[in-house]
>>> print(open('target-v6.txt').read())   # compact mmCIF, C-alpha atoms
# COMPACT_ATOMS: atom_id res chain seq x y z
CA MET C 7 -25.61 -23.22 10.65
CA THR C 8 -21.93 -23.21 9.68
CA THR C 9 -19.50 -23.51 12.60
CA SER C 10 -16.14 -21.77 12.81
CA THR C 11 -14.41 -25.15 12.33
CA GLU C 12 -16.29 -25.80 9.09
CA VAL C 13 -15.47 -22.30 7.88
CA GLY C 14 -11.80 -22.93 8.56
CA GLU C 15 -11.96 -26.22 6.64
CA LEU C 16 -13.64 -24.55 3.69
CA ASN C 17 -10.99 -21.83 3.71
CA GLU C 18 -8.23 -24.46 3.61
CA ILE C 19 -9.88 -26.21 0.66
CA GLN C 20 -10.27 -22.92 -1.19
CA LYS C 21 -6.59 -22.13 -0.58
CA LEU C 22 -5.66 -25.55 -1.91
CA GLN C 23 -7.72 -25.02 -5.05
CA LYS C 24 -6.05 -21.67 -5.64
CA ARG C 25 -2.62 -23.28 -5.25
CA SER C 26 -3.40 -25.98 -7.82
CA HIS C 27 -2.60 -25.34 -11.49
CA PRO C 28 -4.36 -27.85 -13.78
CA ILE C 29 -3.20 -26.11 -16.97
CA ARG C 30 0.41 -26.28 -15.80
CA GLY C 31 -0.22 -29.90 -14.86
CA ALA C 32 -1.42 -30.80 -18.34
CA VAL C 33 1.57 -29.04 -19.92
CA ALA C 34 3.95 -30.72 -17.46
CA LEU C 35 2.53 -34.14 -18.38
CA ILE C 36 2.98 -33.51 -22.11
CA VAL C 37 6.53 -32.18 -21.63
CA GLY C 38 7.33 -35.10 -19.32
CA ILE C 39 6.12 -37.70 -21.83
CA ILE C 40 8.09 -36.11 -24.68
CA GLY C 41 11.19 -35.69 -22.51
CA LEU C 42 11.05 -39.28 -21.23
CA ILE C 43 10.68 -40.76 -24.73
CA PHE C 44 13.55 -38.60 -26.00
CA THR C 45 15.81 -39.58 -23.08
CA ILE C 46 14.97 -43.28 -23.45
CA VAL C 47 15.93 -43.16 -27.14
CA LEU C 48 19.20 -41.38 -26.28
CA SER C 49 19.97 -43.91 -23.56
CA ILE C 50 19.47 -46.80 -25.97
CA SER C 51 21.50 -45.08 -28.69
CA PHE C 52 24.61 -44.09 -26.72
CA GLY C 53 27.01 -46.45 -24.99
CA ALA C 54 30.19 -48.39 -25.60
CA ALA C 55 29.03 -48.65 -29.20
CA ASP C 56 26.78 -45.89 -30.57
CA ILE C 57 23.71 -47.11 -32.42
CA SER C 58 21.72 -45.12 -34.96
CA LEU C 59 18.07 -44.26 -34.48
CA GLY C 60 17.14 -46.26 -37.56
CA THR C 61 18.76 -49.38 -36.13
CA ILE C 62 16.90 -48.88 -32.83
CA TRP C 63 13.60 -48.64 -34.70
CA THR C 64 14.19 -51.81 -36.72
CA ALA C 65 15.41 -53.66 -33.61
CA VAL C 66 12.15 -52.83 -31.85
CA THR C 67 9.77 -53.40 -34.76
CA GLN C 68 11.63 -56.10 -36.73
CA TYR C 69 13.94 -57.83 -34.27
CA SER C 70 16.55 -60.10 -35.86
CA PRO C 71 18.44 -62.35 -33.39
CA GLY C 72 21.25 -62.81 -35.88
CA LEU C 73 22.31 -59.14 -35.75
CA THR C 74 24.68 -58.16 -32.94
CA THR C 75 23.29 -54.61 -32.67
CA HIS C 76 19.77 -55.98 -32.34
CA GLN C 77 20.95 -58.30 -29.56
CA VAL C 78 22.62 -55.41 -27.74
CA ILE C 79 19.46 -53.32 -27.96
CA HIS C 80 17.00 -56.09 -27.12
CA ASP C 81 18.93 -58.00 -24.44
CA ILE C 82 20.99 -55.27 -22.74
CA ARG C 83 19.99 -51.67 -23.35
CA LEU C 84 16.20 -51.91 -23.61
CA PRO C 85 15.63 -53.81 -20.34
CA ARG C 86 18.19 -51.56 -18.67
CA VAL C 87 16.49 -48.31 -19.66
CA LEU C 88 13.00 -49.63 -18.91
CA GLY C 89 14.21 -50.82 -15.52
CA ALA C 90 15.65 -47.36 -14.83
CA ALA C 91 12.34 -45.75 -15.78
CA LEU C 92 10.34 -48.11 -13.57
CA VAL C 93 12.46 -47.66 -10.46
CA GLY C 94 12.74 -43.89 -10.96
CA ALA C 95 8.96 -43.61 -11.13
CA SER C 96 8.64 -45.90 -8.08
CA PHE C 97 11.01 -43.87 -5.90
CA ALA C 98 9.37 -40.58 -6.94
CA VAL C 99 5.80 -41.71 -6.26
CA ALA C 100 6.82 -43.29 -2.94
CA GLY C 101 8.35 -39.97 -1.89
CA ALA C 102 5.29 -38.00 -3.00
CA ILE C 103 2.95 -40.22 -0.99
CA MET C 104 5.14 -40.04 2.11
CA GLN C 105 5.38 -36.26 1.92
CA GLY C 106 1.64 -35.91 1.46
CA MET C 107 0.65 -38.29 4.27
CA THR C 108 3.16 -37.06 6.85
CA ARG C 109 3.22 -33.39 5.75
CA ASN C 110 6.97 -33.78 6.04
CA PRO C 111 8.90 -31.97 3.26
CA LEU C 112 11.98 -34.11 3.96
CA ALA C 113 10.22 -37.47 3.61
CA ASP C 114 11.90 -39.87 1.21
CA SER C 115 12.31 -43.64 1.17
CA GLY C 116 16.10 -43.24 1.28
CA LEU C 117 16.00 -40.87 4.26
CA LEU C 118 13.47 -42.80 6.35
CA GLY C 119 15.06 -46.23 6.46
CA LEU C 120 13.17 -48.03 3.69
CA ASN C 121 16.09 -48.32 1.27
CA SER C 122 18.64 -49.38 3.89
CA GLY C 123 16.19 -51.87 5.39
CA ALA C 124 15.63 -53.46 1.99
CA ALA C 125 19.39 -53.53 1.34
CA LEU C 126 20.00 -55.24 4.70
CA MET C 127 17.54 -57.98 3.81
CA LEU C 128 19.29 -58.45 0.48
CA ALA C 129 22.58 -58.87 2.35
CA ILE C 130 21.00 -61.50 4.60
CA CYS C 131 19.60 -63.33 1.57
CA PHE C 132 22.99 -63.37 -0.18
CA ALA C 133 24.75 -64.55 2.99
CA PHE C 134 22.37 -67.25 4.22
CA PHE C 135 20.31 -68.16 1.16
CA PRO C 136 22.64 -67.98 -1.87
CA GLY C 137 20.98 -68.67 -5.19
CA LEU C 138 17.57 -67.50 -3.96
CA PRO C 139 15.22 -66.81 -6.92
CA TYR C 140 14.74 -63.16 -7.82
CA MET C 141 11.06 -63.26 -6.85
CA TYR C 142 11.99 -64.07 -3.26
CA LEU C 143 14.63 -61.34 -3.23
CA ILE C 144 11.89 -58.83 -4.07
CA LEU C 145 9.64 -60.17 -1.30
CA TRP C 146 12.44 -59.90 1.25
CA SER C 147 13.12 -56.37 0.00
CA PHE C 148 9.51 -55.51 0.89
CA VAL C 149 10.00 -57.01 4.36
CA GLY C 150 13.23 -55.05 4.87
CA ALA C 151 11.63 -51.80 3.75
CA GLY C 152 8.77 -52.35 6.19
CA LEU C 153 11.19 -53.15 9.01
CA GLY C 154 13.17 -49.98 8.33
CA VAL C 155 10.17 -47.66 8.37
CA LEU C 156 8.69 -49.30 11.49
CA ILE C 157 11.93 -48.77 13.41
CA VAL C 158 12.17 -45.14 12.24
CA TYR C 159 8.60 -44.30 13.19
CA GLY C 160 8.95 -46.18 16.47
CA ILE C 161 12.07 -44.27 17.52
CA GLY C 162 10.69 -40.95 16.30
CA SER C 163 7.48 -41.45 18.29
CA LEU C 164 9.33 -41.99 21.59
CA SER C 165 10.16 -38.29 21.91
CA ASN C 166 8.12 -36.21 24.35
CA GLY C 167 7.29 -33.63 21.70
CA GLY C 168 5.84 -36.18 19.29
CA LEU C 169 6.85 -37.12 15.76
CA THR C 170 7.96 -33.80 14.24
CA PRO C 171 9.39 -33.70 10.68
CA MET C 172 12.92 -33.00 11.92
CA ARG C 173 12.79 -35.80 14.52
CA LEU C 174 11.58 -38.17 11.82
CA VAL C 175 14.50 -37.25 9.58
CA LEU C 176 17.03 -37.57 12.41
CA ALA C 177 15.62 -40.97 13.37
CA GLY C 178 15.68 -41.98 9.72
CA ALA C 179 19.32 -40.94 9.34
CA ALA C 180 20.33 -42.88 12.46
CA VAL C 181 18.40 -46.03 11.50
CA SER C 182 19.60 -45.88 7.88
CA THR C 183 23.20 -45.67 9.09
CA LEU C 184 22.67 -48.58 11.51
CA LEU C 185 20.98 -50.85 8.97
CA GLY C 186 23.56 -49.93 6.34
CA ALA C 187 26.39 -50.77 8.74
CA LEU C 188 24.78 -54.12 9.59
CA GLY C 189 24.46 -54.93 5.90
CA GLU C 190 28.09 -54.04 5.25
CA GLY C 191 29.18 -56.06 8.30
CA ILE C 192 27.36 -59.12 6.98
CA ALA C 193 28.91 -58.57 3.56
CA LEU C 194 32.42 -58.42 5.03
CA TYR C 195 32.01 -61.40 7.37
CA TYR C 196 30.48 -63.67 4.74
CA ARG C 197 32.62 -62.27 1.91
CA ILE C 198 29.72 -61.28 -0.29
CA GLY C 199 30.82 -57.67 -0.72
CA GLN C 200 31.24 -58.06 -4.46
CA ASN C 201 27.66 -59.31 -4.80
CA LEU C 202 26.31 -56.39 -2.77
CA ALA C 203 28.54 -53.67 -4.22
CA PHE C 204 26.06 -53.22 -7.07
CA TRP C 205 23.14 -52.54 -4.73
CA TYR C 206 25.07 -50.19 -2.46
CA ALA C 207 26.52 -48.15 -5.34
CA GLY C 208 23.31 -48.09 -7.32
CA GLY C 209 22.89 -49.10 -10.93
CA VAL C 210 20.65 -50.86 -13.42
CA SER C 211 23.29 -52.55 -15.57
CA GLY C 212 22.21 -56.04 -14.49
CA THR C 213 18.52 -55.60 -15.28
CA LYS C 214 17.07 -58.41 -17.40
CA TRP C 215 13.71 -59.06 -19.02
CA SER C 216 13.02 -61.75 -16.40
CA HIS C 217 13.43 -59.10 -13.67
CA LEU C 218 11.02 -56.74 -15.41
CA GLN C 219 8.43 -59.49 -15.85
CA ILE C 220 8.41 -60.02 -12.09
CA LEU C 221 8.60 -56.35 -11.09
CA SER C 222 6.21 -54.77 -13.58
CA PRO C 223 2.94 -56.19 -12.15
CA TRP C 224 3.87 -55.12 -8.60
CA ILE C 225 4.81 -51.62 -9.68
CA LEU C 226 1.82 -51.25 -12.02
CA ILE C 227 -0.64 -52.24 -9.28
CA ALA C 228 1.05 -49.89 -6.81
CA MET C 229 0.97 -47.00 -9.32
CA ILE C 230 -2.75 -47.53 -9.97
CA GLY C 231 -3.29 -47.62 -6.21
CA ALA C 232 -1.33 -44.38 -5.79
CA LEU C 233 -3.40 -42.60 -8.45
CA THR C 234 -6.62 -43.92 -6.91
CA LEU C 235 -5.52 -42.70 -3.49
CA SER C 236 -4.23 -39.34 -4.73
CA ARG C 237 -7.38 -37.35 -3.94
CA SER C 238 -7.42 -38.68 -0.38
CA ILE C 239 -3.75 -37.80 0.03
CA THR C 240 -4.53 -34.26 -1.12
CA VAL C 241 -7.11 -33.93 1.64
CA LEU C 242 -4.79 -35.53 4.19
CA SER C 243 -2.03 -33.09 3.24
CA LEU C 244 -4.26 -30.30 4.59
CA GLY C 245 -3.88 -31.73 8.08
CA GLU C 246 -5.30 -34.56 10.16
CA GLU C 247 -8.08 -32.52 11.77
CA ILE C 248 -9.31 -31.05 8.49
CA ALA C 249 -9.27 -34.47 6.80
CA VAL C 250 -11.30 -36.01 9.65
CA GLY C 251 -13.69 -33.05 9.56
CA LEU C 252 -14.29 -33.70 5.86
CA GLY C 253 -15.24 -37.28 6.66
CA GLN C 254 -12.02 -38.98 5.54
CA ARG C 255 -10.94 -42.25 7.14
CA THR C 256 -7.39 -41.11 7.72
CA ALA C 257 -6.20 -44.37 9.30
CA ALA C 258 -7.26 -46.39 6.25
CA VAL C 259 -5.63 -43.89 3.88
CA LYS C 260 -2.35 -44.09 5.82
CA VAL C 261 -2.36 -47.89 5.87
CA TRP C 262 -3.02 -48.18 2.13
CA GLY C 263 -0.56 -45.40 1.39
CA MET C 264 2.21 -47.04 3.40
CA MET C 265 1.56 -50.41 1.72
CA ILE C 266 1.97 -48.73 -1.67
CA VAL C 267 5.18 -47.03 -0.50
CA LEU C 268 6.61 -50.35 0.75
CA ILE C 269 5.86 -52.07 -2.57
CA LEU C 270 7.36 -49.27 -4.65
CA ALA C 271 10.45 -48.76 -2.49
CA GLY C 272 11.09 -52.49 -2.04
CA ALA C 273 10.78 -53.20 -5.76
CA ALA C 274 12.96 -50.23 -6.70
CA VAL C 275 15.75 -51.15 -4.27
CA SER C 276 15.82 -54.73 -5.57
CA VAL C 277 16.76 -53.31 -9.01
CA LEU C 278 18.58 -50.02 -8.51
CA GLY C 279 19.97 -50.43 -5.02
CA ALA C 280 19.81 -48.19 -1.96
CA VAL C 281 19.65 -44.91 -3.91
CA GLY C 282 18.20 -41.90 -2.14
CA PHE C 283 16.91 -38.42 -2.99
CA VAL C 284 14.81 -39.33 -6.06
CA GLY C 285 11.70 -39.34 -3.89
CA LEU C 286 12.81 -36.10 -2.27
CA ILE C 287 13.62 -34.03 -5.37
CA ILE C 288 10.87 -34.99 -7.82
CA PRO C 289 7.75 -34.40 -5.65
CA HIS C 290 9.01 -30.92 -4.72
CA LEU C 291 9.72 -30.14 -8.37
CA THR C 292 6.29 -31.28 -9.51
CA ARG C 293 4.57 -29.52 -6.59
CA TYR C 294 6.27 -26.28 -7.58
CA ILE C 295 4.98 -26.67 -11.14
CA VAL C 296 1.46 -28.09 -10.74
CA GLY C 297 0.45 -26.96 -7.24
CA HIS C 298 -0.73 -29.00 -4.27
CA ASP C 299 -3.22 -31.36 -5.90
CA TYR C 300 -1.71 -34.85 -5.54
CA ARG C 301 -3.58 -36.13 -8.57
CA TRP C 302 -1.23 -33.97 -10.62
CA ILE C 303 1.78 -34.40 -8.32
CA ILE C 304 1.71 -38.20 -8.47
CA SER C 305 1.00 -38.29 -12.22
CA CYS C 306 3.91 -35.97 -12.97
CA SER C 307 6.18 -37.72 -10.43
CA ILE C 308 5.81 -40.94 -12.42
CA LEU C 309 7.19 -39.26 -15.53
CA TYR C 310 9.84 -37.04 -14.00
CA GLY C 311 11.11 -39.70 -11.60
CA ALA C 312 11.58 -42.03 -14.56
CA LEU C 313 13.23 -39.22 -16.53
CA LEU C 314 15.70 -38.42 -13.73
CA VAL C 315 16.94 -41.99 -13.27
CA VAL C 316 17.14 -42.73 -17.02
CA LEU C 317 19.14 -39.52 -17.51
CA ALA C 318 21.38 -40.30 -14.51
CA ASP C 319 22.05 -43.78 -15.89
CA LEU C 320 22.95 -42.32 -19.29
CA ILE C 321 25.37 -39.83 -17.72
CA ALA C 322 26.84 -42.61 -15.55
CA ARG C 323 27.75 -44.56 -18.68
CA MET C 324 29.08 -41.58 -20.63
CA LEU C 325 31.02 -39.79 -17.87
CA ASN C 326 34.07 -42.06 -17.69
CA PRO C 327 33.88 -44.78 -20.38
CA PRO C 328 34.37 -47.72 -20.39
CA TYR C 329 33.78 -47.56 -16.62
CA GLU C 330 30.44 -46.64 -15.07
CA THR C 331 29.96 -44.01 -12.40
CA PRO C 332 27.52 -45.15 -9.68
CA VAL C 333 24.05 -43.78 -10.37
CA GLY C 334 23.52 -43.20 -6.66
CA ALA C 335 26.52 -40.87 -6.50
CA LEU C 336 25.24 -38.75 -9.40
CA ILE C 337 21.78 -38.39 -7.89
CA ALA C 338 23.24 -37.62 -4.46
CA PHE C 339 25.33 -34.86 -6.07
CA ILE C 340 22.03 -33.09 -6.76
CA GLY C 341 20.09 -34.44 -3.80
CA VAL C 342 22.35 -33.44 -0.90
CA PRO C 343 22.33 -29.67 -1.66
CA PHE C 344 18.58 -29.89 -2.27
CA PHE C 345 18.08 -31.62 1.09
CA LEU C 346 20.14 -28.95 2.89
CA TYR C 347 18.10 -26.23 1.18
CA LEU C 348 14.82 -27.81 2.31
CA ALA C 349 16.11 -28.34 5.85
CA ARG C 350 17.10 -24.68 6.08
CA LYS C 351 13.83 -23.51 4.58
CA GLY C 352 11.86 -25.61 7.03
CA GLY C 353 9.44 -27.01 4.46
CA LYS C 354 7.15 -23.99 4.57
CA GLU C 355 5.77 -24.81 1.13
CA LEU C 356 3.90 -27.78 2.60
>>> encode(input="target-v6.txt", output="structure tokens")
Amino acid sequence: MTTSTEVGELNEIQKLQKRSHPIRGAVALIVGIIGLIFTIVLSISFGAADISLGTIWTAVTQYSPGLTTHQVIHDIRLPRVLGAALVGASFAVAGAIMQGMTRNPLADSGLLGLNSGAALMLAICFAFFPGLPYMYLILWSFVGAGLGVLIVYGIGSLSNGGLTPMRLVLAGAAVSTLLGALGEGIALYYRIGQNLAFWYAGGVSGTKWSHLQILSPWILIAMIGALTLSRSITVLSLGEEIAVGLGQRTAAVKVWGMMIVLILAGAAVSVLGAVGFVGLIIPHLTRYIVGHDYRWIISCSILYGALLVVLADLIARMLNPPYETPVGALIAFIGVPFFLYLARKGGKEL
């Protein structure tokens, strides 16, 4: 005999299925792949010296170290654009997972202390352990991201009314400001501000092949984990009680999901810096297009997160040549109004 609780759970699942659009998802994936490839080619082509598409093709397929244009493409622009794509995808997927697990429409690694925590650890590394290998910088970024989110969730949980989405955001804003101020204080006292300016402003100009070789396995494993976990996140996004009623081990899903978020956010901050709003904008955009199935949301977030950061990096280089506009400022120009819109709307779409 079917109980009223089971009927309610079935109704929620049916509503979720109706709000999912697999055809739109397939189209969005195709458009995202085409758009990302096109933007990557543009980003490699345009810069201080414009390079033709034919030269880009020969530099990739028949690299000649003796040609200056081939060196520029291979050693500077290609690792830069691939790094931008990797970190954009990382921030977007981290935001999608956080929004799905917490049912918080304002969840984002930049708004919940992960980015500022990772940046603080980078400041400590530069101040006390100068010359630390890049691999260890990434590991300390993971530790800092974990520290930031633990403090945010700890403070948010102290309230009598529990951990509501707005309390979580307010705690995240306060902790992000505190950790950011500590990082800047360390930078000023130890005179390492010039070393940290890149991470605070946000940019991928210093990305090298050696960085990508270290980062890529971490990000690839985390992305596979996110896609594997996507169905469970979809169920969890229906609510804790419904997920438990359907037999899901919600605690295990949250632990694995948060580990994936820490890896993605920590790795992304170590390259791009403490840039926010990518993980806020992209999951909402993809959810609007493909519905509420996180198998589609995460898949599309990978592409559109990469597309956003690659495009932002291209605009940053072209806006005021030969100087570069901080990528973080360009993304925030879009992200802040979007955040205010979501805060006013109250996240009813989740």
>>> closest_residue(input="target-v6.txt", among="C:Thr64, C:Asn110, C:Ser115, C:Thr183", to="Phe283 (chain C)", atoms="only C-alpha atoms")
C:Ser115
>>> residues_around(input="target-v6.txt", residues="Ile50 (chain C)", least_positions_apart="5", cutoff="8 Å", atoms="all atoms listed in the file", output="short mmCIF file (atom, residue, chain, number, x, y, z; two decimals) with C-alpha atoms, in the coordinates of the input")
data_model
loop_
_atom_site.label_atom_id
_atom_site.label_comp_id
_atom_site.auth_asym_id
_atom_site.auth_seq_id
_atom_site.Cartn_x
_atom_site.Cartn_y
_atom_site.Cartn_z
CA ILE C 57 23.71 -47.11 -32.42
CA ILE C 62 16.90 -48.88 -32.83
CA ILE C 79 19.46 -53.32 -27.96
CA ARG C 83 19.99 -51.67 -23.35
CA LEU C 84 16.20 -51.91 -23.61
CA VAL C 87 16.49 -48.31 -19.66
#
>>> closest_residue(input="target-v6.txt", among="C:Val342, C:Leu118, C:Val37, C:Ala65", to="Leu309 (chain C)", atoms="only C-alpha atoms")
C:Val37
>>> residues_around(input="target-v6.txt", residues="Gly116 (chain C)", least_positions_apart="5", cutoff="10 Å", atoms="all atoms listed in the file", output="JSON, numbers by chain")
{"C": [97, 101, 121, 122, 123, 151, 178, 179, 182, 271, 275, 280, 281, 282, 283, 284, 285, 286]}
>>> atom_distance(input="target-v6.txt", atom1="CA of Gly212 (chain C)", atom2="CA of Leu117 (chain C)")
24.9 Å
>>> residues_around(input="target-v6.txt", residues="Leu128 (chain C)", least_positions_apart="6", cutoff="10 Å", atoms="all atoms listed in the file", output="short mmCIF file (atom, residue, chain, number, x, y, z; two decimals) with C-alpha atoms, in the frame of the given file")
data_model
loop_
_atom_site.label_atom_id
_atom_site.label_comp_id
_atom_site.auth_asym_id
_atom_site.auth_seq_id
_atom_site.Cartn_x
_atom_site.Cartn_y
_atom_site.Cartn_z
CA SER C 122 18.64 -49.38 3.89
CA PHE C 135 20.31 -68.16 1.16
CA TYR C 142 11.99 -64.07 -3.26
CA LEU C 143 14.63 -61.34 -3.23
CA ILE C 144 11.89 -58.83 -4.07
CA LEU C 145 9.64 -60.17 -1.30
CA TRP C 146 12.44 -59.90 1.25
CA SER C 147 13.12 -56.37 0.00
CA GLY C 150 13.23 -55.05 4.87
CA GLY C 189 24.46 -54.93 5.90
CA ASN C 201 27.66 -59.31 -4.80
CA LEU C 202 26.31 -56.39 -2.77
CA TRP C 205 23.14 -52.54 -4.73
CA VAL C 275 15.75 -51.15 -4.27
CA SER C 276 15.82 -54.73 -5.57
CA GLY C 279 19.97 -50.43 -5.02
#
>>> residues_around(input="target-v6.txt", residues="Ser222 (chain C)", least_positions_apart="5", cutoff="10 Å", atoms="only C-alpha atoms", output="PyMOL selection string")
chain C and resi 89+92-93+217+227-228+273
>>> closest_residue(input="target-v6.txt", among="C:Gly272, C:Gly199, C:Gly162, C:Gly119", to="Trp224 (chain C)", atoms="all atoms listed in the file")
C:Gly272
>>> atom_distance(input="target-v6.txt", atom1="CA of Gly186 (chain C)", atom2="CA of Leu153 (chain C)")
13.1 Å
